[in-house]
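See below for run-v4.pdb, which holds PDB, C-alpha atoms, pLDDT in the B column.
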```
ATOM      1  CA  MET A   1       0.000   0.000   0.000  1.00 39.00           C
ATOM      2  CA  ALA A   2       1.268   3.480  -0.761  1.00 39.00           C
ATOM      3  CA  GLU A   3       2.305   5.690   2.143  1.00 36.00           C
ATOM      4  CA  ARG A   4      -0.878   7.765   1.777  1.00 44.00           C
ATOM      5  CA  GLY A   5      -2.992   4.566   1.784  1.00 44.00           C
ATOM      6  CA  PRO A   6      -3.029   3.890   5.529  1.00 51.00           C
ATOM      7  CA  GLY A   7      -4.029   7.486   6.272  1.00 92.00           C
ATOM      8  CA  LEU A   8      -6.704   7.321   3.611  1.00 95.00           C
ATOM      9  CA  PHE A   9      -8.003   4.020   4.975  1.00 96.00           C
ATOM     10  CA  ALA A  10      -8.172   5.464   8.499  1.00 96.00           C
ATOM     11  CA  GLU A  11     -10.098   8.434   7.087  1.00 97.00           C
ATOM     12  CA  GLY A  12     -12.493   5.999   5.421  1.00 96.00           C
ATOM     13  CA  ILE A  13     -13.057   4.148   8.707  1.00 97.00           C
ATOM     14  CA  ARG A  14     -13.595   7.383  10.647  1.00 96.00           C
ATOM     15  CA  THR A  15     -16.031   8.699   8.040  1.00 96.00           C
ATOM     16  CA  ALA A  16     -17.991   5.421   7.963  1.00 96.00           C
ATOM     17  CA  LEU A  17     -18.357   5.549  11.756  1.00 96.00           C
ATOM     18  CA  GLU A  18     -19.337   9.228  11.702  1.00 94.00           C
ATOM     19  CA  ALA A  19     -22.007   8.523   9.071  1.00 94.00           C
ATOM     20  CA  TRP A  20     -23.459   5.629  11.130  1.00 94.00           C
ATOM     21  CA  PRO A  21     -26.510   6.985  13.008  1.00 93.00           C
ATOM     22  CA  ALA A  22     -26.651   4.141  15.556  1.00 92.00           C
ATOM     23  CA  PHE A  23     -23.021   4.718  16.545  1.00 94.00           C
ATOM     24  CA  GLN A  24     -23.557   8.472  16.745  1.00 92.00           C
ATOM     25  CA  VAL A  25     -26.481   7.953  19.144  1.00 92.00           C
ATOM     26  CA  ALA A  26     -24.168   5.918  21.387  1.00 93.00           C
ATOM     27  CA  LEU A  27     -21.503   8.634  21.268  1.00 93.00           C
ATOM     28  CA  GLU A  28     -23.802  11.593  21.785  1.00 91.00           C
ATOM     29  CA  ASN A  29     -25.474   9.937  24.745  1.00 93.00           C
ATOM     30  CA  GLY A  30     -22.248   8.855  26.415  1.00 93.00           C
ATOM     31  CA  PHE A  31     -22.863   5.098  26.202  1.00 94.00           C
ATOM     32  CA  GLY A  32     -19.078   4.694  26.329  1.00 93.00           C
ATOM     33  CA  GLY A  33     -18.803   6.665  29.557  1.00 93.00           C
ATOM     34  CA  ALA A  34     -16.858   9.855  30.141  1.00 92.00           C
ATOM     35  CA  HIS A  35     -14.302   8.931  27.477  1.00 94.00           C
ATOM     36  CA  SER A  36     -16.694   8.094  24.617  1.00 93.00           C
ATOM     37  CA  GLN A  37     -14.995  10.421  22.128  1.00 94.00           C
ATOM     38  CA  GLN A  38     -11.554   8.999  22.942  1.00 95.00           C
ATOM     39  CA  LYS A  39     -12.922   5.483  22.526  1.00 96.00           C
ATOM     40  CA  ALA A  40     -14.331   6.444  19.125  1.00 95.00           C
ATOM     41  CA  ALA A  41     -10.902   7.705  18.031  1.00 95.00           C
ATOM     42  CA  TRP A  42      -9.267   4.533  19.379  1.00 97.00           C
ATOM     43  CA  MET A  43     -11.855   2.449  17.499  1.00 97.00           C
ATOM     44  CA  VAL A  44     -10.617   3.837  14.165  1.00 97.00           C
ATOM     45  CA  THR A  45      -7.046   2.837  15.045  1.00 97.00           C
ATOM     46  CA  ALA A  46      -8.114  -0.594  16.333  1.00 97.00           C
ATOM     47  CA  VAL A  47     -10.124  -1.395  13.189  1.00 97.00           C
ATOM     48  CA  GLU A  48      -7.290  -0.237  10.943  1.00 97.00           C
ATOM     49  CA  GLN A  49      -4.797  -2.374  12.893  1.00 97.00           C
ATOM     50  CA  TYR A  50      -7.135  -5.384  12.675  1.00 97.00           C
ATOM     51  CA  PHE A  51      -6.968  -5.203   8.885  1.00 97.00           C
ATOM     52  CA  HIS A  52      -3.198  -4.926   8.854  1.00 95.00           C
ATOM     53  CA  ASP A  53      -2.789  -7.830  11.306  1.00 96.00           C
ATOM     54  CA  ASN A  54      -5.163 -10.225   9.528  1.00 95.00           C
ATOM     55  CA  ALA A  55      -4.893 -11.253   5.890  1.00 91.00           C
ATOM     56  CA  ASP A  56      -7.922 -12.040   3.738  1.00 93.00           C
ATOM     57  CA  LEU A  57     -10.582 -10.791   6.132  1.00 95.00           C
ATOM     58  CA  GLU A  58     -14.210 -11.307   5.255  1.00 96.00           C
ATOM     59  CA  SER A  59     -16.878  -8.653   5.813  1.00 96.00           C
ATOM     60  CA  GLU A  60     -18.484 -10.852   8.502  1.00 97.00           C
ATOM     61  CA  GLU A  61     -15.256 -10.819  10.523  1.00 97.00           C
ATOM     62  CA  VAL A  62     -15.229  -7.023  10.438  1.00 97.00           C
ATOM     63  CA  GLU A  63     -18.873  -7.047  11.540  1.00 97.00           C
ATOM     64  CA  GLU A  64     -17.966  -9.256  14.518  1.00 97.00           C
ATOM     65  CA  LEU A  65     -15.119  -6.912  15.466  1.00 97.00           C
ATOM     66  CA  LEU A  66     -17.393  -3.851  15.344  1.00 97.00           C
ATOM     67  CA  ALA A  67     -20.078  -5.646  17.351  1.00 97.00           C
ATOM     68  CA  ASP A  68     -17.527  -6.651  20.001  1.00 97.00           C
ATOM     69  CA  ILE A  69     -16.152  -3.122  20.294  1.00 96.00           C
ATOM     70  CA  LEU A  70     -19.634  -1.611  20.545  1.00 96.00           C
ATOM     71  CA  ASP A  71     -20.646  -4.121  23.189  1.00 95.00           C
ATOM     72  CA  ASN A  72     -17.450  -3.951  25.249  1.00 96.00           C
ATOM     73  CA  GLU A  73     -16.631  -0.250  24.964  1.00 95.00           C
ATOM     74  CA  PHE A  74     -20.032   1.404  24.438  1.00 95.00           C
ATOM     75  CA  ASP A  75     -22.431  -1.059  26.107  1.00 93.00           C
ATOM     76  CA  THR A  76     -24.375  -0.991  22.851  1.00 93.00           C
ATOM     77  CA  VAL A  77     -25.971  -3.667  20.711  1.00 94.00           C
ATOM     78  CA  VAL A  78     -27.083  -2.575  17.243  1.00 93.00           C
ATOM     79  CA  GLU A  79     -29.998  -4.608  15.914  1.00 92.00           C
ATOM     80  CA  ASP A  80     -31.171  -2.515  12.963  1.00 92.00           C
ATOM     81  CA  GLY A  81     -29.085  -4.190  10.255  1.00 92.00           C
ATOM     82  CA  SER A  82     -26.720  -1.239   9.913  1.00 95.00           C
ATOM     83  CA  LEU A  83     -23.817  -3.094  11.542  1.00 96.00           C
ATOM     84  CA  SER A  84     -23.301  -5.366   8.522  1.00 96.00           C
ATOM     85  CA  GLU A  85     -23.668  -2.395   6.158  1.00 96.00           C
ATOM     86  CA  VAL A  86     -20.958  -0.388   7.947  1.00 97.00           C
ATOM     87  CA  ALA A  87     -18.678  -3.443   8.197  1.00 97.00           C
ATOM     88  CA  HIS A  88     -19.032  -4.003   4.456  1.00 97.00           C
ATOM     89  CA  GLN A  89     -18.285  -0.327   3.736  1.00 96.00           C
ATOM     90  CA  ILE A  90     -15.073  -0.515   5.747  1.00 97.00           C
ATOM     91  CA  TRP A  91     -14.112  -3.889   4.261  1.00 97.00           C
ATOM     92  CA  SER A  92     -14.620  -2.718   0.676  1.00 96.00           C
ATOM     93  CA  THR A  93     -12.776   0.556   1.377  1.00 96.00           C
ATOM     94  CA  PHE A  94      -9.776  -1.486   2.500  1.00 97.00           C
ATOM     95  CA  ALA A  95      -9.934  -3.540  -0.699  1.00 96.00           C
ATOM     96  CA  LEU A  96      -9.916  -0.334  -2.772  1.00 96.00           C
ATOM     97  CA  CYS A  97      -6.914   0.957  -0.799  1.00 95.00           C
ATOM     98  CA  GLN A  98      -5.084  -2.338  -1.356  1.00 94.00           C
ATOM     99  CA  ARG A  99      -5.619  -2.022  -5.111  1.00 95.00           C
ATOM    100  CA  GLY A 100      -4.370   1.580  -5.064  1.00 95.00           C
ATOM    101  CA  GLN A 101      -7.732   3.010  -6.141  1.00 96.00           C
ATOM    102  CA  GLU A 102      -7.295   6.235  -4.206  1.00 96.00           C
ATOM    103  CA  SER A 103      -9.778   8.281  -6.262  1.00 96.00           C
ATOM    104  CA  GLU A 104     -12.521   5.697  -5.670  1.00 96.00           C
ATOM    105  CA  VAL A 105     -11.799   5.754  -1.928  1.00 96.00           C
ATOM    106  CA  ARG A 106     -11.979   9.553  -1.891  1.00 96.00           C
ATOM    107  CA  ALA A 107     -15.288   9.447  -3.796  1.00 96.00           C
ATOM    108  CA  ARG A 108     -16.669   6.923  -1.294  1.00 95.00           C
ATOM    109  CA  ILE A 109     -15.564   9.096   1.630  1.00 95.00           C
ATOM    110  CA  GLN A 110     -17.292  12.091   0.033  1.00 95.00           C
ATOM    111  CA  GLN A 111     -20.512  10.060  -0.369  1.00 93.00           C
ATOM    112  CA  LEU A 112     -20.365   9.097   3.315  1.00 92.00           C
ATOM    113  CA  VAL A 113     -19.814  12.730   4.334  1.00 91.00           C
ATOM    114  CA  GLU A 114     -22.850  13.770   2.287  1.00 90.00           C
ATOM    115  CA  ARG A 115     -24.893  10.942   3.794  1.00 85.00           C
ATOM    116  CA  ARG A 116     -23.806  11.940   7.309  1.00 84.00           C
ATOM    117  CA  ASP A 117     -24.882  15.508   6.636  1.00 83.00           C
ATOM    118  CA  ARG A 118     -28.345  14.361   5.431  1.00 78.00           C
ATOM    119  CA  VAL A 119     -28.985  12.137   8.450  1.00 66.00           C
ATOM    120  CA  ARG A 120     -30.168  13.809  11.632  1.00 58.00           C
ATOM    121  CA  VAL A 121     -30.279  11.951  14.937  1.00 50.00           C
ATOM    122  CA  GLU A 122     -31.591  13.624  18.044  1.00 51.00           C
ATOM    123  CA  VAL A 123     -32.828  12.823  21.520  1.00 49.00           C
ATOM    124  CA  VAL A 124     -36.223  14.265  22.377  1.00 49.00           C
ATOM    125  CA  PRO A 125     -38.256  14.146  25.600  1.00 48.00           C
ATOM    126  CA  ALA A 126     -40.691  11.241  25.737  1.00 49.00           C
ATOM    127  CA  ARG A 127     -44.372  11.948  25.259  1.00 55.00           C
ATOM    128  CA  GLY A 128     -46.256  10.468  28.160  1.00 52.00           C
ATOM    129  CA  SER A 129     -49.316   8.340  27.495  1.00 43.00           C
ATOM    130  CA  GLY A 130     -51.800   7.051  30.028  1.00 44.00           C
ATOM    131  CA  GLU A 131     -50.360   3.519  30.002  1.00 44.00           C
ATOM    132  CA  GLU A 132     -46.807   4.721  30.546  1.00 44.00           C
ATOM    133  CA  ALA A 133     -47.822   6.930  33.437  1.00 42.00           C
ATOM    134  CA  GLU A 134     -49.593   4.032  35.146  1.00 42.00           C
ATOM    135  CA  GLU A 135     -46.600   1.700  34.798  1.00 44.00           C
ATOM    136  CA  ASP A 136     -44.029   3.730  36.717  1.00 44.00           C
ATOM    137  CA  ASP A 137     -44.287   7.452  37.361  1.00 43.00           C
ATOM    138  CA  SER A 138     -40.739   7.700  38.719  1.00 42.00           C
ATOM    139  CA  GLU A 139     -39.252   6.243  35.529  1.00 43.00           C
ATOM    140  CA  GLU A 140     -41.421   8.493  33.352  1.00 42.00           C
ATOM    141  CA  ASP A 141     -39.997  11.600  35.006  1.00 43.00           C
ATOM    142  CA  GLY A 142     -36.432  10.777  33.906  1.00 43.00           C
ATOM    143  CA  ALA A 143     -37.131   8.957  30.646  1.00 42.00           C
ATOM    144  CA  GLU A 144     -35.909  10.062  27.248  1.00 45.00           C
ATOM    145  CA  ALA A 145     -36.993   8.862  23.837  1.00 45.00           C
ATOM    146  CA  MET A 146     -34.519   8.511  21.025  1.00 48.00           C
ATOM    147  CA  ASP A 147     -35.993   9.887  17.838  1.00 48.00           C
ATOM    148  CA  CYS A 148     -33.920   8.923  14.843  1.00 49.00           C
ATOM    149  CA  ASP A 149     -34.741  10.681  11.596  1.00 46.00           C
ATOM    150  CA  SER A 150     -33.069   9.998   8.284  1.00 43.00           C
ATOM    151  CA  GLN A 151     -34.039  11.926   5.204  1.00 42.00           C
ATOM    152  CA  ALA A 152     -31.825   9.628   3.150  1.00 41.00           C
ATOM    153  CA  ALA A 153     -33.521   6.358   4.119  1.00 37.00           C
ATOM    154  CA  PRO A 154     -36.192   5.260   1.631  1.00 36.00           C
ATOM    155  CA  GLU A 155     -38.176   3.462   4.310  1.00 36.00           C
ATOM    156  CA  PRO A 156     -38.367   4.073   8.057  1.00 34.00           C
ATOM    157  CA  ARG A 157     -35.990   1.907  10.076  1.00 33.00           C
ATOM    158  CA  SER A 158     -35.121   2.052  13.709  1.00 36.00           C
ATOM    159  CA  LEU A 159     -31.591   3.399  13.959  1.00 41.00           C
ATOM    160  CA  CYS A 160     -31.552   3.359  17.721  1.00 44.00           C
ATOM    161  CA  PRO A 161     -29.070   1.055  19.459  1.00 42.00           C
ATOM    162  CA  ALA A 162     -30.065  -0.851  22.562  1.00 42.00           C
ATOM    163  CA  ALA A 163     -27.766  -0.319  25.520  1.00 39.00           C
ATOM    164  CA  ALA A 164     -26.581  -3.525  27.143  1.00 41.00           C
ATOM    165  CA  GLU A 165     -27.416  -2.172  30.603  1.00 44.00           C
ATOM    166  CA  GLY A 166     -31.058  -2.824  29.886  1.00 46.00           C
ATOM    167  CA  PRO A 167     -33.101   0.149  28.777  1.00 48.00           C
ATOM    168  CA  SER A 168     -36.705  -0.730  28.124  1.00 49.00           C
ATOM    169  CA  LYS A 169     -37.939  -0.613  24.529  1.00 54.00           C
ATOM    170  CA  GLU A 170     -41.496  -0.158  23.402  1.00 58.00           C
ATOM    171  CA  GLU A 171     -43.253   0.586  20.128  1.00 59.00           C
ATOM    172  CA  ASP A 172     -44.623   4.110  19.715  1.00 61.00           C
ATOM    173  CA  PRO A 173     -48.010   4.430  17.912  1.00 63.00           C
ATOM    174  CA  ASP A 174     -46.168   6.237  15.079  1.00 63.00           C
ATOM    175  CA  GLY A 175     -43.939   3.188  14.502  1.00 65.00           C
ATOM    176  CA  TRP A 176     -40.808   4.529  16.237  1.00 66.00           C
ATOM    177  CA  THR A 177     -38.996   2.423  18.775  1.00 65.00           C
ATOM    178  CA  VAL A 178     -38.823   4.292  22.064  1.00 61.00           C
ATOM    179  CA  VAL A 179     -35.764   3.441  24.143  1.00 64.00           C
ATOM    180  CA  ARG A 180     -35.911   4.475  27.778  1.00 60.00           C
ATOM    181  CA  ARG A 181     -32.737   4.672  29.808  1.00 60.00           C
ATOM    182  CA  LYS A 182     -33.183   3.693  33.415  1.00 55.00           C
ATOM    183  CA  ARG A 183     -31.848   6.173  35.929  1.00 55.00           C
ATOM    184  CA  LYS A 184     -29.415   4.893  38.520  1.00 50.00           C
TER     185      LYS A 184
END
```
Hey, can you dump this file as structure tokens for me?
Amino acid sequence: MAERGPGLFAEGIRTALEAWPAFQVALENGFGGAHSQQKAAWMVTAVEQYFHDNADLESEEVEELLADILDNEFDTVVEDGSLSEVAHQIWSTFALCQRGQESEVRARIQQLVERRDRVRVEVVPARGSGEEAEEDDSEEDGAEAMDCDSQAAPEPRSLCPAAAEGPSKEEDPDGWTVVRRKRK
């Protein structure tokens, strides 16, 4: 690989992670603790090193690595199908770098940046309904709903990760998955 290749590959990894709404929800909400941003930066380095240490990786192996890192470092399990998509993006970016196709890698990075800019993920206060209020008033007071909105997605999909520490999930009448974080 050319000297610029490893830097370009790392940029591709970082951009893929930044364009991944489920991962951004975990970061923005501190699922990785006080050092979430540092863990995200380390994750880029760890994924890049994984490729350099292992020959002939398959996309599924990259998916397993990402899932392990998310679980161990961010207490997050992503169940919306985006994990395999991001793993494949990173895997195919590495293949392009290996073949010296720098312009294709740069074009892919630009597409991911544009996608990231079109996708908006935000946390909004939960709307209380009668059933929720009856279940547990103390939890309702501190609950948040994760509202994930993507203008780029052709069909609505839940982009919200489930934290491993056990937030409760329920289906909103509008079809959104509401994830409530339990207060300690």
Measure the distance from CA of Val105 in chain A to CA of Arg14 in chain A in Å and round it to one decimal.
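These two atoms are separated by 12.8 Å.
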CA of Gln37 in chain A to CA of Gln111 in chain A: how many Å, to one decimal?
23.2 Å
Interatomic distance between CA of Leu96 in chain A and CA of Ile69 in chain A?
24.1 Å
How would you write, as a PDB file with C-alpha atoms, in the frame of the given file, the residues chosen by the PyMOL selection byres ((chain A and resi 20) around 10) on this structure?
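Result saved to expr_21.pdb:
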```pdb
ATOM      1  CA  THR A  15     -16.031   8.699   8.040  1.00 96.00           C
ATOM      2  CA  ALA A  16     -17.991   5.421   7.963  1.00 96.00           C
ATOM      3  CA  LEU A  17     -18.357   5.549  11.756  1.00 96.00           C
ATOM      4  CA  GLU A  18     -19.337   9.228  11.702  1.00 94.00           C
ATOM      5  CA  ALA A  19     -22.007   8.523   9.071  1.00 94.00           C
ATOM      6  CA  PRO A  21     -26.510   6.985  13.008  1.00 93.00           C
ATOM      7  CA  ALA A  22     -26.651   4.141  15.556  1.00 92.00           C
ATOM      8  CA  PHE A  23     -23.021   4.718  16.545  1.00 94.00           C
ATOM      9  CA  GLN A  24     -23.557   8.472  16.745  1.00 92.00           C
ATOM     10  CA  VAL A  25     -26.481   7.953  19.144  1.00 92.00           C
ATOM     11  CA  SER A  82     -26.720  -1.239   9.913  1.00 95.00           C
ATOM     12  CA  LEU A  83     -23.817  -3.094  11.542  1.00 96.00           C
ATOM     13  CA  GLU A  85     -23.668  -2.395   6.158  1.00 96.00           C
ATOM     14  CA  VAL A  86     -20.958  -0.388   7.947  1.00 97.00           C
ATOM     15  CA  LEU A 112     -20.365   9.097   3.315  1.00 92.00           C
ATOM     16  CA  ARG A 115     -24.893  10.942   3.794  1.00 85.00           C
ATOM     17  CA  ARG A 116     -23.806  11.940   7.309  1.00 84.00           C
ATOM     18  CA  VAL A 119     -28.985  12.137   8.450  1.00 66.00           C
ATOM     19  CA  LEU A 159     -31.591   3.399  13.959  1.00 41.00           C
TER      20      LEU A 159
END
```
Can you work out which one of A:Phe74, A:Phe31, A:Trp42, A:Phe51 has the shortest atom-to-atom distance to Ser92 in chain A, counting all atoms listed in the file?
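Residue with the minimum atom-to-atom distance to Ser92 in chain A: A:Phe51.
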Determine, counting all atoms listed in the file, which protein, DNA and RNA residues have an atom within 8 Å of an atom of Thr93 in chain A; residues of the same chain fewer than 5 positions away are not included. Present the result as a count of residues only.
4
Within 12 Å of (-19.7, 8.1, 24.2) (file coordinates; only C-alpha atoms), which protein or nucleic acid residues are there? I'd like them as a PyMOL selection string.
chain A and resi 22-41+43+70+73-76+163
Just checking: using all atoms listed in the file, which residue out of A:Glu102, A:Asp71, A:Ala107, A:Val47 ends up closest to Ala10 in chain A?
A:Val47
Selection under test: the PyMOL selection byres ((chain A and resi 87) around 8); residues as a PyMOL selection string:
chain A and resi 59-60+62-63+66+83-86+88-91
Ranking A:Leu57, A:Ala67, A:Val44, A:Val77 by minimum distance to Glu11 in chain A and counting all atoms listed in the file, which one comes first?
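Of all the options, A:Val44 lies closest to Glu11 in chain A.
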Among listed residues A:Leu65, A:Cys97, A:Val78, A:Ile13, nearest Glu48 in chain A (using all atoms listed in the file):
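When distances to Glu48 in chain A are compared using all atoms listed in the file, the smallest one comes from A:Ile13.
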